[in-house]
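**Q** Below is run-v9.cif; it holds mmCIF, C-alpha atoms and all ligand atoms.
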```cif
data_start
loop_
_atom_site.label_atom_id
_atom_site.label_comp_id
_atom_site.auth_asym_id
_atom_site.auth_seq_id
_atom_site.Cartn_x
_atom_site.Cartn_y
_atom_site.Cartn_z
CA MET I 56 -40.28 -0.75 -3.58
CA GLY I 57 -42.17 -4.06 -3.88
CA LEU I 58 -40.92 -7.56 -3.22
CA ILE I 59 -41.14 -9.99 -6.12
CA ARG I 60 -41.67 -13.76 -5.88
CA GLN I 61 -41.58 -16.74 -8.19
CA HIS I 62 -44.62 -17.22 -10.35
CA THR I 63 -45.64 -20.58 -11.82
CA ASN I 64 -46.01 -19.01 -15.28
CA LEU I 65 -42.28 -18.39 -15.24
CA TYR I 66 -41.27 -22.05 -15.06
CA PRO I 67 -42.06 -23.20 -18.65
CA PRO I 68 -40.24 -20.37 -20.47
CA VAL I 69 -37.17 -20.61 -18.25
CA VAL I 70 -36.92 -24.40 -18.64
CA ARG I 71 -37.28 -23.98 -22.43
CA TRP I 72 -34.65 -21.25 -22.42
CA ALA I 73 -32.20 -23.55 -20.63
CA LYS I 74 -32.96 -26.37 -23.07
CA ASN I 75 -32.50 -24.09 -26.10
CA GLU I 76 -29.12 -23.05 -24.71
CA LYS I 77 -28.29 -26.80 -24.36
CA LEU I 78 -27.66 -26.43 -20.64
CA ILE I 79 -29.68 -29.54 -19.77
CA ASP I 80 -28.83 -33.10 -20.83
CA LEU I 81 -30.42 -36.49 -20.34
CA ALA I 82 -28.52 -37.17 -17.12
CA ASP I 83 -30.11 -34.09 -15.55
CA THR I 84 -33.04 -35.90 -14.01
CA ALA I 85 -33.27 -32.99 -11.57
CA VAL I 86 -32.09 -29.41 -12.07
CA ILE I 87 -32.11 -26.43 -9.74
CA PHE I 88 -32.84 -22.97 -11.17
CA TYR I 89 -31.55 -19.87 -9.40
CA ASP I 90 -33.19 -16.49 -10.12
CA PHE I 91 -30.74 -13.59 -9.79
CA ASP I 92 -33.55 -11.07 -10.40
CA ILE I 93 -35.21 -12.15 -7.17
CA LEU I 94 -31.88 -11.94 -5.34
CA ASP I 95 -31.40 -8.42 -6.75
CA ASN I 96 -34.87 -7.46 -5.60
CA ARG I 97 -34.30 -8.71 -2.03
CA LEU I 98 -30.89 -7.03 -1.75
CA ALA I 99 -32.20 -3.74 -3.14
CA TYR I 100 -35.11 -3.93 -0.75
CA LEU I 101 -32.83 -4.37 2.26
CA ARG I 102 -30.75 -1.45 1.09
CA SER I 103 -33.84 0.73 0.67
CA VAL I 104 -35.31 0.17 4.15
CA PHE I 105 -32.19 0.32 6.35
CA PRO I 106 -29.98 3.39 6.86
CA GLU I 107 -27.06 3.96 4.51
CA GLY I 108 -23.90 2.34 5.83
CA THR I 109 -25.72 -0.74 7.20
CA LEU I 110 -23.72 -3.91 6.54
CA HIS I 111 -26.13 -6.58 5.33
CA ALA I 112 -24.23 -9.83 5.87
CA VAL I 113 -26.37 -12.50 4.20
CA ALA I 114 -26.22 -15.81 6.11
CA ILE I 115 -24.10 -18.21 4.03
CA LYS I 116 -25.68 -21.28 5.59
CA SER I 117 -28.95 -20.34 3.94
CA ASN I 118 -27.33 -20.65 0.51
CA PRO I 119 -23.61 -21.38 0.08
CA LEU I 120 -23.48 -21.51 -3.77
CA LYS I 121 -20.20 -19.81 -4.61
CA SER I 122 -21.58 -17.90 -7.62
CA VAL I 123 -24.34 -16.54 -5.44
CA LEU I 124 -21.89 -15.47 -2.74
CA GLN I 125 -19.69 -13.85 -5.39
CA TYR I 126 -22.67 -11.95 -6.72
CA ILE I 127 -23.70 -10.75 -3.26
CA GLY I 128 -20.14 -9.53 -2.70
CA GLN I 129 -20.00 -7.77 -6.08
CA GLN I 130 -23.13 -5.82 -5.16
CA GLY I 131 -21.30 -4.46 -2.09
CA PHE I 132 -23.11 -6.63 0.47
CA GLY I 133 -21.55 -8.80 3.14
CA LEU I 134 -21.78 -12.43 4.26
CA GLU I 135 -22.32 -14.07 7.63
CA ALA I 136 -20.26 -17.20 8.20
CA ALA I 137 -21.13 -19.85 10.78
CA SER I 138 -17.82 -21.70 10.58
CA LEU I 139 -14.22 -21.07 9.60
CA GLU I 140 -14.99 -23.03 6.43
CA GLU I 141 -17.75 -20.58 5.50
CA THR I 142 -15.42 -17.67 6.32
CA ILE I 143 -12.87 -19.06 3.85
CA LEU I 144 -15.62 -19.71 1.29
CA ALA I 145 -16.75 -16.08 1.57
CA ASN I 146 -13.19 -14.88 1.19
CA ARG I 147 -12.62 -17.11 -1.87
CA ALA I 148 -15.86 -15.70 -3.30
CA GLY I 149 -14.04 -12.37 -3.32
CA LEU I 150 -15.34 -10.67 -0.20
CA PRO I 151 -12.92 -8.52 1.76
CA ALA I 152 -12.59 -9.56 5.40
CA ASP I 153 -14.35 -6.44 6.67
CA ARG I 154 -17.55 -7.50 4.90
CA ILE I 155 -17.51 -10.96 6.47
CA VAL I 156 -19.06 -11.61 9.89
CA PHE I 157 -17.85 -14.76 11.62
CA ASP I 158 -20.25 -16.30 14.16
CA SER I 159 -19.81 -19.80 15.54
CA PRO I 160 -20.28 -21.29 18.99
CA ALA I 161 -17.37 -23.71 18.53
CA LYS I 162 -14.36 -21.70 17.37
CA THR I 163 -11.13 -23.49 18.22
CA LYS I 164 -7.93 -21.76 19.33
CA ALA I 165 -6.38 -22.65 15.98
CA GLU I 166 -9.33 -21.16 14.07
CA ILE I 167 -9.20 -17.96 16.09
CA ALA I 168 -5.45 -17.67 15.47
CA TYR I 169 -6.06 -18.32 11.74
CA CYS I 170 -8.59 -15.49 11.57
CA ALA I 171 -6.27 -13.13 13.44
CA THR I 172 -3.46 -13.93 10.97
CA HIS I 173 -5.37 -14.05 7.68
CA PHE I 174 -8.42 -11.84 8.00
CA ASN I 175 -7.55 -8.32 9.09
CA GLY I 176 -10.75 -6.37 9.64
CA LEU I 177 -13.00 -9.47 9.93
CA HIS I 178 -16.09 -8.94 12.08
CA PHE I 179 -15.58 -11.59 14.70
CA ASN I 180 -18.49 -12.24 17.07
CA ALA I 181 -17.36 -14.10 20.17
CA ASN I 182 -20.06 -16.44 21.42
CA SER I 183 -19.02 -16.59 25.09
CA LEU I 184 -16.85 -14.90 27.70
CA GLU I 185 -14.53 -17.94 27.60
CA GLU I 186 -13.94 -17.38 23.89
CA LEU I 187 -12.71 -13.83 24.59
CA ASP I 188 -9.86 -15.30 26.64
CA ARG I 189 -8.69 -17.17 23.51
CA LEU I 190 -8.14 -14.03 21.45
CA PRO I 191 -4.51 -13.08 20.86
CA THR I 192 -3.39 -9.88 22.58
CA VAL I 193 -2.53 -8.25 19.26
CA HIS I 194 -4.93 -8.58 16.36
CA HIS I 195 -6.85 -6.56 13.77
CA LEU I 196 -10.24 -8.18 14.14
CA LYS I 197 -13.40 -6.16 14.69
CA VAL I 198 -14.59 -8.00 17.75
CA GLY I 199 -18.19 -8.18 18.92
CA LEU I 200 -19.76 -10.20 21.72
CA ARG I 201 -22.93 -12.21 21.18
CA ILE I 202 -25.57 -11.59 23.81
CA ASN I 203 -28.55 -13.83 24.48
CA PRO I 204 -31.32 -11.32 25.34
CA LEU I 205 -33.64 -14.07 26.65
CA VAL I 206 -36.81 -13.12 24.80
CA ASP I 207 -39.31 -15.28 22.94
CA PRO I 208 -39.09 -14.70 19.17
CA GLY I 209 -42.15 -16.85 18.51
CA SER I 210 -40.04 -19.13 16.30
CA PRO I 211 -40.55 -22.88 15.95
CA ASP I 212 -38.70 -24.51 18.88
CA VAL I 213 -35.76 -25.76 16.80
CA TYR I 214 -35.02 -22.23 15.61
CA ASN I 215 -35.46 -20.43 18.94
CA VAL I 216 -31.97 -19.61 20.16
CA SER I 217 -32.88 -17.15 22.89
CA THR I 218 -33.90 -19.60 25.60
CA ALA I 219 -32.24 -20.06 29.00
CA ILE I 220 -30.53 -23.23 27.73
CA SER I 221 -29.39 -21.79 24.40
CA LYS I 222 -25.76 -22.45 23.41
CA PHE I 223 -25.64 -19.07 21.67
CA GLY I 224 -24.40 -15.90 23.33
CA VAL I 225 -23.88 -14.76 26.91
CA PRO I 226 -27.22 -14.62 28.76
CA ILE I 227 -28.00 -10.99 29.43
CA HIS I 228 -28.67 -11.65 33.12
CA GLN I 229 -24.89 -12.08 33.47
CA TRP I 230 -24.89 -8.28 33.18
CA ASP I 231 -22.05 -7.55 35.63
CA ASP I 232 -19.77 -10.25 34.20
CA ILE I 233 -20.38 -8.95 30.69
CA ILE I 234 -19.54 -5.39 31.67
CA GLN I 235 -16.39 -6.48 33.49
CA ALA I 236 -15.28 -8.48 30.43
CA LEU I 237 -15.89 -5.55 28.11
CA VAL I 238 -13.75 -3.37 30.36
CA ARG I 239 -11.06 -6.08 30.52
CA TYR I 240 -11.13 -6.37 26.71
CA PRO I 241 -11.45 -2.73 25.62
CA PHE I 242 -10.99 -3.63 21.94
CA ILE I 243 -14.53 -5.05 21.80
CA GLU I 244 -16.46 -2.64 19.62
CA GLY I 245 -19.74 -4.38 18.85
CA LEU I 246 -22.61 -6.34 20.36
CA HIS I 247 -24.44 -9.09 18.51
CA LEU I 248 -27.78 -10.81 18.88
CA HIS I 249 -29.72 -13.31 16.79
CA ILE I 250 -32.75 -14.63 18.64
CA GLY I 251 -34.19 -17.14 16.18
CA SER I 252 -35.34 -17.89 12.65
CA GLU I 253 -38.87 -17.64 11.25
CA MET I 254 -39.65 -15.09 13.99
CA SER I 255 -43.34 -14.38 14.40
CA ARG I 256 -43.06 -11.90 17.29
CA LEU I 257 -41.36 -8.87 15.81
CA ASP I 258 -42.10 -6.86 18.97
CA SER I 259 -39.87 -9.35 20.82
CA HIS I 260 -37.02 -8.66 18.47
CA ALA I 261 -37.35 -4.93 19.14
CA GLN I 262 -37.38 -5.65 22.91
CA ALA I 263 -34.25 -7.76 22.50
CA VAL I 264 -32.44 -4.96 20.68
CA LYS I 265 -33.55 -2.54 23.40
CA LYS I 266 -31.95 -4.69 26.11
CA VAL I 267 -28.72 -4.91 24.12
CA LEU I 268 -28.65 -1.14 23.59
CA GLU I 269 -29.07 -0.60 27.33
CA LEU I 270 -26.13 -2.92 27.85
CA ALA I 271 -24.07 -1.00 25.27
CA LYS I 272 -24.72 2.24 27.14
CA ALA I 273 -23.78 0.69 30.47
CA VAL I 274 -20.54 -0.65 28.95
CA THR I 275 -19.58 2.71 27.49
CA ALA I 276 -20.26 4.45 30.83
CA LYS I 277 -18.19 1.91 32.77
CA ARG I 278 -15.37 2.15 30.25
CA LYS I 279 -15.41 5.92 30.48
CA ALA I 280 -15.17 5.69 34.26
CA ASN I 281 -12.08 3.51 33.73
CA GLY I 282 -10.47 5.92 31.26
CA ILE I 283 -11.24 3.75 28.20
CA THR I 284 -12.31 5.70 25.14
CA GLN I 285 -13.45 2.80 22.92
CA THR I 286 -17.24 2.86 22.64
CA ILE I 287 -19.65 0.23 21.33
CA ASP I 288 -19.83 1.29 17.68
CA TRP I 289 -21.95 -1.35 16.01
CA ILE I 290 -24.89 -3.53 16.82
CA ASP I 291 -25.40 -6.72 14.85
CA ILE I 292 -29.14 -7.41 15.01
CA GLY I 293 -28.97 -10.88 13.38
CA GLY I 294 -31.46 -12.36 10.94
CA GLY I 295 -34.64 -14.33 11.47
CA PHE I 296 -37.23 -12.50 9.36
CA PRO I 297 -39.57 -15.13 7.85
CA ALA I 298 -40.05 -16.15 4.23
CA GLN I 299 -43.50 -16.65 2.70
CA TYR I 300 -43.85 -20.24 1.53
CA ALA I 301 -47.63 -20.21 1.15
CA ASN I 302 -49.37 -18.41 -1.70
CA GLY I 303 -49.79 -14.70 -1.22
CA PRO I 304 -47.61 -11.66 -0.79
CA GLN I 305 -44.41 -11.77 1.23
CA ARG I 306 -44.61 -10.00 4.55
CA ASP I 307 -42.34 -7.00 4.20
CA LEU I 308 -39.98 -5.61 6.77
CA THR I 309 -42.08 -2.54 7.52
CA ASP I 310 -43.56 -3.89 10.76
CA TYR I 311 -40.18 -5.11 11.91
CA LEU I 312 -38.58 -1.73 11.26
CA HIS I 313 -41.53 0.06 12.77
CA PHE I 314 -41.02 -1.78 16.08
CA LEU I 315 -37.28 -1.29 15.91
CA GLN I 316 -37.62 2.44 15.37
CA LYS I 317 -40.32 2.89 17.96
CA HIS I 318 -38.33 1.20 20.74
CA ASN I 319 -34.79 1.88 19.59
CA ALA I 320 -34.49 5.24 17.83
CA GLU I 321 -30.82 5.51 18.86
CA LEU I 322 -29.96 2.31 16.98
CA PHE I 323 -30.43 4.29 13.78
CA THR I 324 -28.50 7.36 14.88
CA ASP I 325 -25.74 6.24 17.26
CA TYR I 326 -24.62 2.88 15.90
CA ARG I 327 -23.65 1.17 12.69
CA ILE I 328 -26.12 -1.61 12.05
CA ILE I 329 -25.21 -5.10 10.83
CA THR I 330 -27.91 -7.53 9.71
CA GLU I 331 -27.67 -11.27 9.01
CA PHE I 332 -30.80 -12.19 7.06
CA GLY I 333 -30.71 -15.56 5.36
CA ARG I 334 -34.05 -17.09 4.61
CA PHE I 335 -35.75 -13.78 3.79
CA VAL I 336 -33.13 -13.08 1.12
CA GLN I 337 -32.75 -16.57 -0.31
CA ALA I 338 -35.94 -18.64 0.08
CA HIS I 339 -37.64 -17.40 -3.06
CA THR I 340 -34.63 -17.35 -5.35
CA ALA I 341 -34.55 -21.01 -6.38
CA TRP I 342 -36.79 -23.82 -7.62
CA LEU I 343 -36.30 -27.46 -8.47
CA VAL I 344 -37.41 -29.23 -11.64
CA SER I 345 -37.35 -33.01 -11.51
CA ASP I 346 -38.40 -35.70 -13.93
CA VAL I 347 -41.24 -37.91 -12.79
CA GLU I 348 -39.58 -41.31 -13.05
CA TYR I 349 -42.51 -43.58 -12.16
CA VAL I 350 -46.09 -43.12 -11.02
CA LEU I 351 -47.20 -45.93 -8.71
CA GLN I 352 -50.93 -46.55 -8.66
CA SER I 353 -52.17 -48.68 -5.80
CA GLY I 354 -55.88 -48.69 -6.46
CA ALA I 355 -58.81 -46.75 -7.76
CA SER I 356 -59.41 -44.67 -4.65
CA LEU I 357 -55.85 -44.42 -3.32
CA PRO I 358 -53.43 -41.59 -4.00
CA ASP I 359 -50.94 -41.97 -6.84
CA VAL I 360 -47.28 -42.05 -5.85
CA PRO I 361 -45.11 -40.19 -8.36
CA ILE I 362 -41.41 -40.70 -7.69
CA ILE I 363 -39.05 -37.81 -8.43
CA HIS I 364 -35.28 -37.33 -8.18
CA CYS I 365 -34.82 -35.23 -5.05
CA GLY I 366 -36.34 -35.78 -1.65
CA ALA I 367 -34.93 -35.77 1.84
CA ASP I 368 -31.42 -35.43 0.41
CA LEU I 369 -32.25 -31.85 -0.66
CA LEU I 370 -35.25 -30.90 1.49
CA LEU I 371 -33.96 -32.39 4.67
CA ARG I 372 -35.65 -30.07 7.12
CA GLU I 373 -38.98 -30.25 5.37
CA ILE I 374 -39.04 -34.04 5.36
CA TYR I 375 -37.45 -34.88 8.69
CA GLN I 376 -38.93 -32.08 10.69
CA PRO I 377 -42.65 -31.61 11.23
CA LYS I 378 -43.80 -28.03 10.62
CA GLY I 379 -40.97 -27.34 8.18
CA PRO I 380 -41.66 -25.12 5.16
CA VAL I 381 -44.44 -26.31 2.84
CA HIS I 382 -43.39 -25.73 -0.76
CA GLN I 383 -45.77 -24.94 -3.62
CA ILE I 384 -45.67 -27.64 -6.29
CA ALA I 385 -46.45 -27.44 -10.01
CA VAL I 386 -46.46 -30.04 -12.80
CA LEU I 387 -45.12 -29.69 -16.37
CA ASP I 388 -46.10 -31.99 -19.23
CA PRO I 389 -43.45 -33.53 -21.55
CA LEU I 390 -43.65 -30.41 -23.77
CA GLY I 391 -42.85 -28.24 -20.77
CA ASN I 392 -46.32 -26.71 -20.40
CA LEU I 393 -48.01 -26.29 -17.03
CA LYS I 394 -50.61 -28.95 -16.31
CA HIS I 395 -53.75 -27.75 -14.58
CA GLU I 396 -56.50 -30.26 -15.34
CA ASP I 397 -57.50 -33.63 -13.96
CA THR I 398 -56.27 -33.29 -10.39
CA TRP I 399 -55.88 -36.34 -8.18
CA PRO I 400 -54.55 -36.95 -4.66
CA VAL I 401 -50.87 -37.86 -4.58
CA HIS I 402 -48.13 -38.75 -2.15
CA LEU I 403 -45.14 -37.13 -3.84
CA ALA I 404 -42.14 -39.38 -3.19
CA GLY I 405 -38.42 -38.68 -3.30
CA PRO I 406 -35.85 -41.22 -4.54
CA LEU I 407 -34.31 -42.34 -1.23
CA CYS I 408 -34.54 -45.80 0.28
CA PHE I 409 -36.30 -44.64 3.41
CA ALA I 410 -40.01 -44.87 4.17
CA GLY I 411 -40.34 -41.23 5.18
CA ASP I 412 -39.05 -39.81 1.92
CA TYR I 413 -42.15 -37.90 0.81
CA LEU I 414 -42.13 -34.25 -0.23
CA ALA I 415 -45.87 -34.02 0.33
CA ARG I 416 -48.72 -36.38 1.22
CA ASP I 417 -52.33 -36.26 0.19
CA ILE I 418 -52.09 -33.20 -1.96
CA GLU I 419 -54.14 -32.66 -5.10
CA LEU I 420 -52.00 -32.29 -8.22
CA PRO I 421 -52.70 -32.74 -11.92
CA ARG I 422 -52.53 -36.46 -12.68
CA MET I 423 -48.97 -37.36 -13.67
CA CYS I 424 -47.24 -39.88 -15.89
CA PRO I 425 -43.57 -40.66 -16.54
CA GLY I 426 -42.11 -37.93 -18.75
CA ASP I 427 -43.82 -35.16 -16.81
CA GLN I 428 -41.81 -32.94 -14.53
CA VAL I 429 -42.48 -31.62 -11.04
CA VAL I 430 -41.46 -28.13 -9.93
CA VAL I 431 -40.83 -27.49 -6.24
CA ALA I 432 -40.90 -23.76 -5.47
CA ASP I 433 -38.97 -21.60 -3.03
CA ILE I 434 -36.06 -23.91 -2.24
CA GLY I 435 -33.42 -21.14 -2.18
CA ALA I 436 -32.83 -21.20 1.59
CA ASN I 437 -31.56 -23.97 3.83
CA SER I 438 -31.78 -26.65 1.14
CA PHE I 439 -28.39 -26.76 -0.60
CA GLY I 440 -26.45 -26.44 2.64
CA MET I 441 -28.51 -29.27 4.15
CA TRP I 442 -27.65 -31.67 1.28
CA SER I 443 -27.46 -35.19 2.67
CA ARG I 444 -25.37 -38.12 1.46
CA HIS I 445 -28.03 -40.65 2.40
CA CYS I 446 -28.05 -43.09 -0.55
CA SER I 447 -25.08 -41.20 -2.09
CA ARG I 448 -26.99 -39.59 -4.94
CA LEU I 449 -25.38 -36.72 -6.84
CA PHE I 450 -26.15 -33.06 -6.21
CA PRO I 451 -28.03 -31.68 -9.23
CA LYS I 452 -26.82 -29.07 -11.69
CA VAL I 453 -27.67 -25.47 -10.80
CA ILE I 454 -28.62 -23.05 -13.59
CA GLY I 455 -28.59 -19.35 -12.78
CA TYR I 456 -30.54 -16.84 -14.84
CA SER I 457 -31.64 -13.22 -14.98
CA GLN I 458 -34.52 -12.42 -17.28
CA GLN I 459 -33.81 -8.73 -16.83
CA ARG I 460 -30.28 -9.08 -18.16
CA GLY I 461 -31.12 -11.89 -20.60
CA GLU I 462 -28.48 -14.15 -19.02
CA ILE I 463 -28.57 -17.85 -18.30
CA ARG I 464 -25.68 -20.22 -17.43
CA VAL I 465 -24.70 -23.22 -15.36
CA ILE I 466 -23.46 -21.89 -12.02
CA LYS I 467 -22.73 -25.29 -10.50
CA ASP I 468 -22.15 -28.47 -12.45
CA ARG I 469 -23.97 -31.66 -11.63
CA GLU I 470 -21.84 -33.64 -9.20
CA ARG I 471 -19.85 -36.46 -10.74
CA ILE I 472 -19.49 -40.02 -9.56
CA GLU I 473 -15.82 -39.18 -8.78
CA ASP I 474 -16.97 -36.41 -6.38
CA MET I 475 -19.11 -38.91 -4.49
CA LEU I 476 -16.32 -41.50 -4.42
CA ARG I 477 -13.88 -38.87 -3.11
CA PHE I 478 -16.32 -37.87 -0.38
CA TRP I 479 -16.49 -41.41 0.96
CA GLY I 480 -12.69 -41.75 0.94
C1 LIG I 501 -26.17 -16.21 13.93
C2 LIG I 501 -27.17 -16.34 12.83
N1 LIG I 501 -27.37 -15.27 12.05
C3 LIG I 501 -28.25 -15.32 11.02
C4 LIG I 501 -28.96 -16.47 10.74
C5 LIG I 501 -29.93 -16.45 9.58
O1 LIG I 501 -31.22 -16.62 10.02
P1 LIG I 501 -32.44 -16.50 8.99
O2 LIG I 501 -32.12 -17.37 7.85
O3 LIG I 501 -33.61 -16.97 9.76
O4 LIG I 501 -32.55 -15.06 8.61
C6 LIG I 501 -28.79 -17.60 11.55
C7 LIG I 501 -29.56 -18.83 11.27
O5 LIG I 501 -29.45 -19.84 11.87
C8 LIG I 501 -27.86 -17.53 12.61
O6 LIG I 501 -27.65 -18.58 13.40
#
```
What is this structure when it is put down as structure tokens?
Ligand SMILES: Cc1ncc(COP(=O)(O)O)c(C=O)c1O
**A**
Amino acid sequence: MGLIRQHTNLYPPVVRWAKNEKLIDLADTAVIFYDFDILDNRLAYLRSVFPEGTLHAVAIKSNPLKSVLQYIGQQGFGLEAASLEETILANRAGLPADRIVFDSPAKTKAEIAYCATHFNGLHFNANSLEELDRLPTVHHLKVGLRINPLVDPGSPDVYNVSTAISKFGVPIHQWDDIIQALVRYPFIEGLHLHIGSEMSRLDSHAQAVKKVLELAKAVTAKRKANGITQTIDWIDIGGGFPAQYANGPQRDLTDYLHFLQKHNAELFTDYRIITEFGRFVQAHTAWLVSDVEYVLQSGASLPDVPIIHCGADLLLREIYQPKGPVHQIAVLDPLGNLKHEDTWPVHLAGPLCFAGDYLARDIELPRMCPGDQVVVADIGANSFGMWSRHCSRLFPKVIGYSQQRGEIRVIKDRERIEDMLRFWG
């Protein structure tokens, strides 16, 4: 099956649809649209390329909208939580504990005890050997241990979590200590790895899985020698597959699976697989529409500066971090039609009182005036969860739609002033 992406031609009819349904009012200077058809396509794709029985636990941090989590759960998928708060969010979104995977490098004793009491069957990935000592002697968690395989995923530095100084997982060179711990704690039934996001070296990921499978075999052999029958039953291979922000087709998972199968045939036959993709599932599901409030013009040959209603508060990584995702941008006229003509260089500015708040600099866009709208594509991953309170602006309304089912509705209301006041105490 093919992977679908947003298309600029889709923006005008969907905005009109929302307006006709009276879902947008004057205070909605910025609105986020969420496309459930694209989510369906990504989920179905994952299901089609991995073996039956794989638990795809979509990383909540990539998109924590409760309606989206509910939907993922209703389709029989799982969720990966990076904090106790996300674990509770997943549970409130209707997911049974055995479809939630809890990873965090900072689990407190109280949080661990809470999970053991409230979430029978939760997949609980311990991040360190020390954390194993905090587990109660009696519990019904499905415990895994995160391993750092020490390979280079070819990710940008801030997303590479498989280095020697990573805070994630037990470095695999502590081989003997790991095996001893897994004999001491015979209830451990899984091994986990996640080596980085936006991976460019898929062969490295396959090498990482290979190392972890060798470890799993060594553990099972040592346990057997000690009269322990519990084997390593599942391998959680993490997330990290990239999204495609530039124009052009999305890279599919075929290469990734090809390497996995070539180096790790037994992963597909001897173990249950868990995945934790975030960005690959979510990046293309959402887009932002913002009013153009002003267009500053500094001189005949200088770029225009249109000011819109979301900036570094929503696209925090993109704006604060060099080499973050570069989003495609489109412009709608006051009637909601795409503008193509009369392009001009612009610095596209966000609304925050901070000199760096630019979504893009020196890009050519159709010349804008107040009353136009700007669309920022592919904001479905790592935007909402990064929302920043700098300048205390309100989180925009989110409208979810499915063209296939002919459904459109508000899935998250625009924040209210009271919400902001409550946040600041
Ligand atoms: C443990 C873990 N799993 C999964 C993910 C999701 O990664 P991605 O969105 O790159 O697929 C992350 C991201 O930080 C993570 O830390």
**Q** Could you list, as JSON, numbers by chain, every residue within 10 Å of stretch 398-403 of chain I, counting all atoms listed in the file and ignoring same-chain residues fewer than 6 positions away?
**A** {"I": [347, 350, 351, 352, 356, 357, 358, 359, 360, 361, 362, 363, 366, 384, 412, 413, 414, 415, 416, 417, 418, 419, 420, 421, 422, 423, 429]}
**Q** Suppose you want the space between atom CA of I:Val70 and atom CA of I:Gly391; what is it in Å?
**A** 7.4 Å
**Q** List all protein, DNA and RNA residues that have at least one atom no more than 8 Å from any atom of ligand LIG 501 (chain I), counting only C-alpha atoms and all ligand atoms, and write them as a list of chain:residue names.
**A**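 After applying the 8 Å limit, what remains is I:Val113, I:Ala114, I:Lys116, I:Ser117, I:Glu135, I:Ala137, I:Asp158, I:Ser159, I:Tyr214, I:Leu248, I:His249, I:Gly251, I:Ser252, I:Glu253, I:Met254, I:Gly293, I:Gly294, I:Gly295, I:Phe296, I:Pro297, I:Thr330, I:Glu331, I:Phe332, I:Gly333, I:Arg334, I:Phe335, I:Val336, I:Ala436, I:Asn437.
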**Q** Which one is closest to I:Arg464: I:Ser122, I:Gln130, I:Leu190, I:Leu390? Count all atoms listed in the file.
**A**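 Using all atoms listed in the file, the shortest distance to I:Arg464 belongs to I:Ser122.
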**Q** Mind pulling up the distance from atom CA of I:Asn203 to atom CA of I:Val216?
**A**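 Computing it gives 8.0 Å between the two atoms.
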**Q** Which residues come within 9 Å of stretch 166-172 of chain I, counting only C-alpha atoms, excluding same-chain residues fewer than 2 positions away, as a PyMOL selection string?
**A** chain I and resi 139+142+162-164+174-177+179+189-191+193-196
**Q** Once you have the residues from the selection above, write them out as a PDB file, keeping the file's coordinate frame, restricted to C-alpha atoms.
**A**
```pdb
ATOM      1  CA  LEU I 139     -14.220 -21.070   9.600  1.00  0.00           C
ATOM      2  CA  THR I 142     -15.420 -17.670   6.320  1.00  0.00           C
ATOM      3  CA  LYS I 162     -14.360 -21.700  17.370  1.00  0.00           C
ATOM      4  CA  THR I 163     -11.130 -23.490  18.220  1.00  0.00           C
ATOM      5  CA  LYS I 164      -7.930 -21.760  19.330  1.00  0.00           C
ATOM      6  CA  PHE I 174      -8.420 -11.840   8.000  1.00  0.00           C
ATOM      7  CA  ASN I 175      -7.550  -8.320   9.090  1.00  0.00           C
ATOM      8  CA  GLY I 176     -10.750  -6.370   9.640  1.00  0.00           C
ATOM      9  CA  LEU I 177     -13.000  -9.470   9.930  1.00  0.00           C
ATOM     10  CA  PHE I 179     -15.580 -11.590  14.700  1.00  0.00           C
ATOM     11  CA  ARG I 189      -8.690 -17.170  23.510  1.00  0.00           C
ATOM     12  CA  LEU I 190      -8.140 -14.030  21.450  1.00  0.00           C
ATOM     13  CA  PRO I 191      -4.510 -13.080  20.860  1.00  0.00           C
ATOM     14  CA  VAL I 193      -2.530  -8.250  19.260  1.00  0.00           C
ATOM     15  CA  HIS I 194      -4.930  -8.580  16.360  1.00  0.00           C
ATOM     16  CA  HIS I 195      -6.850  -6.560  13.770  1.00  0.00           C
ATOM     17  CA  LEU I 196     -10.240  -8.180  14.140  1.00  0.00           C
TER      18      LEU I 196
END
```
**Q** Just give me the residues with any atom within 12 Å of (-28.4, -27.5, -22.4), file coordinates, counting only C-alpha atoms, written as a ChimeraX atom specification.
**A** /I:69-83,86,452-454,463-465,468
**Q** Find the residue from I:Leu369, I:Leu257, I:Val386, I:Val123 that sits nearest to I:Thr63; use all atoms listed in the file when measuring.
**A**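 Of all the options, I:Val386 lies closest to I:Thr63.
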**Q** Check the smallest atom-to-atom distance from each of I:Tyr66, I:Tyr375, I:Phe409, I:Phe323 to I:Val264 using only C-alpha atoms, then report the winner.
**A**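 Closest residue, counting only C-alpha atoms: I:Phe323.
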**Q** Find the distance between atom CA of I:Cys365 and atom CA of I:Ala404 and write it in Å to one decimal.
**A** 8.6 Å
**Q** Could you give me, as a ChimeraX atom specification, the residues within 9 Å of I:His178, counting all atoms listed in the file and dropping anything in the same chain fewer than 3 positions from it?
**A** /I:152-158,196-199,245
**Q** Would you mind exporting the chosen residues as a compact mmCIF listing (two decimals), in the frame of the given file, restricted to C-alpha atoms?
**A**
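Written file, again_12.txt:
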```txt
# COMPACT_ATOMS: atom_id res chain seq x y z
CA ALA I 152 -12.59 -9.56 5.40
CA ASP I 153 -14.35 -6.44 6.67
CA ARG I 154 -17.55 -7.50 4.90
CA ILE I 155 -17.51 -10.96 6.47
CA VAL I 156 -19.06 -11.61 9.89
CA PHE I 157 -17.85 -14.76 11.62
CA ASP I 158 -20.25 -16.30 14.16
CA LEU I 196 -10.24 -8.18 14.14
CA LYS I 197 -13.40 -6.16 14.69
CA VAL I 198 -14.59 -8.00 17.75
CA GLY I 199 -18.19 -8.18 18.92
CA GLY I 245 -19.74 -4.38 18.85
```
